[in-house]
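Student: I have a structure here, written as structure tokens, and I will follow up with some questions on it.
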Amino acid sequence: MLPTLRQLQYLKLLAEHKSFNGAAEAAFVSQPALSSGIAELEKNLGTRLVDRSRGQVILTAVGEETLKRSEDILARTEDLVEAARGANRPLTGRFRLGVIPTIAPFLLPKTLLKLRRDFPDLRLFLREDQTSRLIASLKSGALDAAVIALPYDLSGLDSAFILKDEILAATPSNHRLAINDRISPEDLKGEELILLEDGHCLRDHALAACSWTSPTGTSENLSTYTANHGGGFAATSLNTLVQMVGSGLGVSLVPAMAVESGLVKAADVSVRPLASDHAFRDIVVVWRAGSSRAPEARLLAESLKS
């Protein structure tokens, strides 16, 4: 006998809440009903999925694999339902969109009103988080699409381009480099560098954008240089980062879309282009490969692009 979707939902909730009571509450059923559903699932599969002997709920190895496959099945089922409901009307009903923090406050305010006007029946649920967690939620079915920055590993995902975002150098207004029209990446290697903390992909994009040829003729970049000479300060957000630069604590690298949105206006900060051919990041919409929401994700990318 095949497992039911309800049984797979029980397993997913059990893994999330780590208790039968919590999972039952989330499923709006009694605890015995949920326990019975899990037991029936184990009977159908002919193996134990949950270890109940340690005073807490722990999935067995087979349970973990079953959970992984269940999440994919449930995500595709939700895709099926949403696609059927909006077959003749794209971007209607619920659409769960993830956005990284270095994009959300600068891109979304310009586009949400347009989306509401163009798609009045769209119920857009937004989640702001770091790229790795958004991708995990995308693959598990918790999100329909996400707006992230490339380069990033897109295995198992499809994408649609929105825009190219330049990475700029930011210094205190009275800094010696502020008099230049453009700043060479090599000029930054002797400066106190302020970047976002680990986990923000903009940190990696910014470091990779700064490369030069060493005296020995080999290629170097700011990423390897900071690894060998100390990484400077780390900020938790772009707002904090800009305030630190304006206070004279160091220099940094910031995205053009943030500057254009007025991020540095209130701070004593000078912004200059980098003398680099690859000082940019590509902003894209990504979704699960094969998702039935793909046409809507592409339509969303076109709307964000315009």
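Chain labels A, B, ... are given in the sequence in which chains occur in the structure tokens; within each chain residues are numbered consecutively from 1, and ligands are likewise numbered from 1 in the order shown.
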Contacts of Lys12 of chain A at 9 Å or less, counting only C-alpha atoms, minus same-chain residues fewer than 3 places along, as a JSON list (two decimals) with C-alpha atoms, in the first residue's frame?

Tutor:
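Output (around39.json):
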```json
[["chain", "number", "residue", "atom", "x", "y", "z"],
["A", 7, "GLN", "CA", 1.28, 10.57, 6.34],
["A", 8, "LEU", "CA", 4.17, 12.32, 4.59],
["A", 9, "GLN", "CA", 2.99, 15.65, 6.03],
["A", 15, "ALA", "CA", 10.92, 16.36, 11.97],
["A", 16, "GLU", "CA", 10.27, 20.10, 12.32],
["A", 17, "HIS", "CA", 8.76, 20.07, 15.83],
["A", 23, "ALA", "CA", 3.53, 18.00, 15.29],
["A", 67, "LEU", "CA", 11.81, 12.85, 4.83],
["A", 68, "LYS", "CA", 13.99, 14.20, 2.03],
["A", 70, "SER", "CA", 8.68, 13.40, 1.16],
["A", 71, "GLU", "CA", 9.59, 17.08, 1.04]]
```

Student: Got a sec: who's within 6 Å of segment 182-196 of chain A, counting only C-alpha atoms, leaving out chain neighbours fewer than 5 positions off, as a list in words?

Tutor: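 The residues satisfying every condition are Arg203, Cys210, Gly232, Phe233, Ala234, Ala235, Thr236, Gly250, Val251, Ser252, Arg272, Pro273, Leu274 and Ala275 of chain A.
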
Student: So that I can check the secondary structure, give me every residue of segment 64-199 of chain A assigned helix (DSSP H, G or I) by backbone DSSP, as number ranges by chain.

Tutor: A: 64-85, 104-118, 131-140, 176-179, 185-188

Student: With a distance cut-off of 12 Å and only C-alpha atoms, select the neighbouring residues of Ala104 of chain A, excluding the residue or stretch itself and same-chain residues fewer than 4 positions from it, and output the selection as a PyMOL selection string.

Tutor: chain A and resi 97-100+108-112+126-130+146-149+238+257-258+261+283+304

Student: Compare A:Val259, A:Ala209, A:Leu300, A:Leu134 by their minimum atom-to-atom distance to Ser276 of chain A, counting only C-alpha atoms, and give me the closest one.

Tutor: A:Ala209

Student: Can you list, as a compact mmCIF listing (two decimals) with N, CA and C atoms, in the first residue's frame, all residues belonging to segment 9-205 of chain A that DSSP tags as strand (DSSP E)?

Tutor:
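The resulting out-v3.txt:
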```txt
# COMPACT_ATOMS: atom_id res chain seq x y z
N VAL A 50 11.19 6.42 12.88
CA VAL A 50 11.37 7.29 14.04
C VAL A 50 11.89 6.48 15.22
N ASP A 51 12.96 6.98 15.85
CA ASP A 51 13.50 6.35 17.06
C ASP A 51 12.88 7.03 18.27
N ILE A 58 13.79 11.26 17.14
CA ILE A 58 14.96 11.28 16.26
C ILE A 58 14.66 10.39 15.05
N LEU A 59 14.81 10.92 13.87
CA LEU A 59 14.59 10.11 12.67
C LEU A 59 15.74 9.14 12.46
N GLY A 93 -3.19 34.05 -6.37
CA GLY A 93 -3.10 33.23 -5.17
C GLY A 93 -1.76 33.38 -4.49
N ARG A 94 -1.40 32.38 -3.71
CA ARG A 94 -0.19 32.45 -2.88
C ARG A 94 1.07 32.23 -3.71
N PHE A 95 2.07 33.08 -3.46
CA PHE A 95 3.40 32.89 -4.06
C PHE A 95 4.41 33.26 -3.00
N ARG A 96 5.27 32.28 -2.63
CA ARG A 96 6.24 32.48 -1.54
C ARG A 96 7.60 32.81 -2.13
N LEU A 97 8.06 34.03 -1.87
CA LEU A 97 9.29 34.53 -2.48
C LEU A 97 10.33 34.85 -1.41
N GLY A 98 11.53 34.31 -1.58
CA GLY A 98 12.65 34.64 -0.71
C GLY A 98 13.52 35.70 -1.35
N VAL A 99 14.12 36.57 -0.54
CA VAL A 99 15.00 37.63 -1.04
C VAL A 99 16.15 37.79 -0.06
N LEU A 122 -2.63 38.46 -6.63
CA LEU A 122 -1.43 37.82 -6.11
C LEU A 122 -1.32 38.05 -4.61
N ARG A 123 -1.08 36.96 -3.86
CA ARG A 123 -0.81 37.05 -2.43
C ARG A 123 0.66 36.69 -2.23
N LEU A 124 1.50 37.71 -2.17
CA LEU A 124 2.94 37.52 -2.12
C LEU A 124 3.41 37.42 -0.68
N PHE A 125 4.02 36.29 -0.33
CA PHE A 125 4.60 36.10 1.00
C PHE A 125 6.11 36.21 0.86
N LEU A 126 6.71 37.16 1.60
CA LEU A 126 8.14 37.44 1.48
C LEU A 126 8.91 36.89 2.67
N ARG A 127 10.09 36.34 2.37
CA ARG A 127 11.00 35.90 3.43
C ARG A 127 12.39 36.43 3.10
N GLU A 128 12.97 37.17 4.03
CA GLU A 128 14.32 37.72 3.85
C GLU A 128 15.30 36.87 4.65
N ALA A 145 10.09 30.62 -5.13
CA ALA A 145 11.18 31.24 -5.89
C ALA A 145 11.98 32.11 -4.93
N ALA A 146 13.14 32.57 -5.38
CA ALA A 146 13.97 33.44 -4.55
C ALA A 146 14.75 34.40 -5.44
N VAL A 147 15.01 35.57 -4.91
CA VAL A 147 15.85 36.56 -5.59
C VAL A 147 17.21 36.55 -4.90
N ILE A 148 18.24 36.15 -5.65
CA ILE A 148 19.58 36.06 -5.09
C ILE A 148 20.58 36.71 -6.04
N ALA A 149 21.85 36.70 -5.66
CA ALA A 149 22.91 37.26 -6.49
C ALA A 149 23.88 36.16 -6.90
N LEU A 150 24.31 36.23 -8.15
CA LEU A 150 25.31 35.30 -8.67
C LEU A 150 26.67 35.98 -8.72
N LEU A 157 18.54 23.97 -9.82
CA LEU A 157 17.71 25.17 -9.93
C LEU A 157 17.75 25.74 -11.34
N ASP A 158 16.71 26.46 -11.70
CA ASP A 158 16.70 27.26 -12.92
C ASP A 158 16.67 28.73 -12.51
N SER A 159 17.00 29.62 -13.45
CA SER A 159 17.08 31.03 -13.09
C SER A 159 16.68 31.92 -14.26
N ALA A 160 16.32 33.16 -13.92
CA ALA A 160 16.03 34.19 -14.91
C ALA A 160 16.71 35.48 -14.47
N PHE A 161 17.40 36.12 -15.39
CA PHE A 161 18.19 37.33 -15.09
C PHE A 161 17.28 38.53 -14.85
N ILE A 162 17.65 39.34 -13.85
CA ILE A 162 16.93 40.60 -13.58
C ILE A 162 17.80 41.80 -13.96
N LEU A 163 18.97 41.91 -13.34
CA LEU A 163 19.83 43.05 -13.61
C LEU A 163 21.26 42.78 -13.16
N LYS A 164 22.18 43.60 -13.66
CA LYS A 164 23.58 43.54 -13.26
C LYS A 164 23.83 44.69 -12.28
N ASP A 165 24.33 44.36 -11.10
CA ASP A 165 24.51 45.33 -10.03
C ASP A 165 26.00 45.56 -9.81
N GLU A 166 26.45 46.79 -10.02
CA GLU A 166 27.88 47.11 -9.88
C GLU A 166 28.28 47.14 -8.41
N ILE A 167 29.49 46.72 -8.13
CA ILE A 167 30.05 46.78 -6.79
C ILE A 167 31.01 47.98 -6.73
N LEU A 168 30.79 48.88 -5.76
CA LEU A 168 31.52 50.14 -5.67
C LEU A 168 32.37 50.18 -4.41
N ALA A 169 33.39 51.02 -4.45
CA ALA A 169 34.25 51.23 -3.28
C ALA A 169 33.69 52.38 -2.45
N ALA A 170 33.64 52.18 -1.13
CA ALA A 170 33.14 53.22 -0.22
C ALA A 170 34.23 53.57 0.79
N THR A 171 34.52 54.86 0.92
CA THR A 171 35.55 55.33 1.86
C THR A 171 34.99 56.50 2.67
N PRO A 172 35.61 56.84 3.79
CA PRO A 172 35.24 58.09 4.47
C PRO A 172 35.46 59.26 3.51
N ILE A 194 36.17 46.77 5.91
CA ILE A 194 34.93 46.43 6.62
C ILE A 194 34.01 45.71 5.65
N LEU A 195 33.62 44.49 5.98
CA LEU A 195 32.75 43.70 5.12
C LEU A 195 31.59 43.15 5.94
N LEU A 196 30.60 42.62 5.25
CA LEU A 196 29.53 41.93 5.95
C LEU A 196 30.07 40.65 6.56
```

Student: I'd like to know which of A:Arg69, A:Leu2, A:Ala75, A:Leu263 is closest to Glu40 of chain A, using only C-alpha atoms.

Tutor: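 Residue with the minimum atom-to-atom distance to Glu40 of chain A: A:Leu2.
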
Student: So how far away is atom CA of Leu113 of chain A from atom CA of Pro255 of chain A, in Å?

Tutor: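 So the answer is 23.0 Å.
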
Student: From the set A:Gly199, A:Gly246, A:Gly262, A:Pro90, which residue has the shortest atom-to-atom contact distance to Phe106 of chain A, counting only C-alpha atoms?

Tutor: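 Using only C-alpha atoms, the shortest distance to Phe106 of chain A belongs to A:Gly262.
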
Student: Restricting the calculation to only C-alpha atoms, which member of A:Asn180, A:Thr131, A:Thr47, A:Asp153 is positioned closest to Asp198 of chain A?

Tutor: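 Of A:Asn180, A:Thr131, A:Thr47, A:Asp153, the one nearest Asp198 of chain A, counting only C-alpha atoms, is A:Thr131.
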
Student: Of the candidates A:Ala267, A:Ala279, A:Leu202, A:Ala26, which shows the shortest atom-to-atom distance to Ser237 of chain A, using only C-alpha atoms?

Tutor: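 Checking each candidate against Ser237 of chain A, we get A:Leu202 as the closest.
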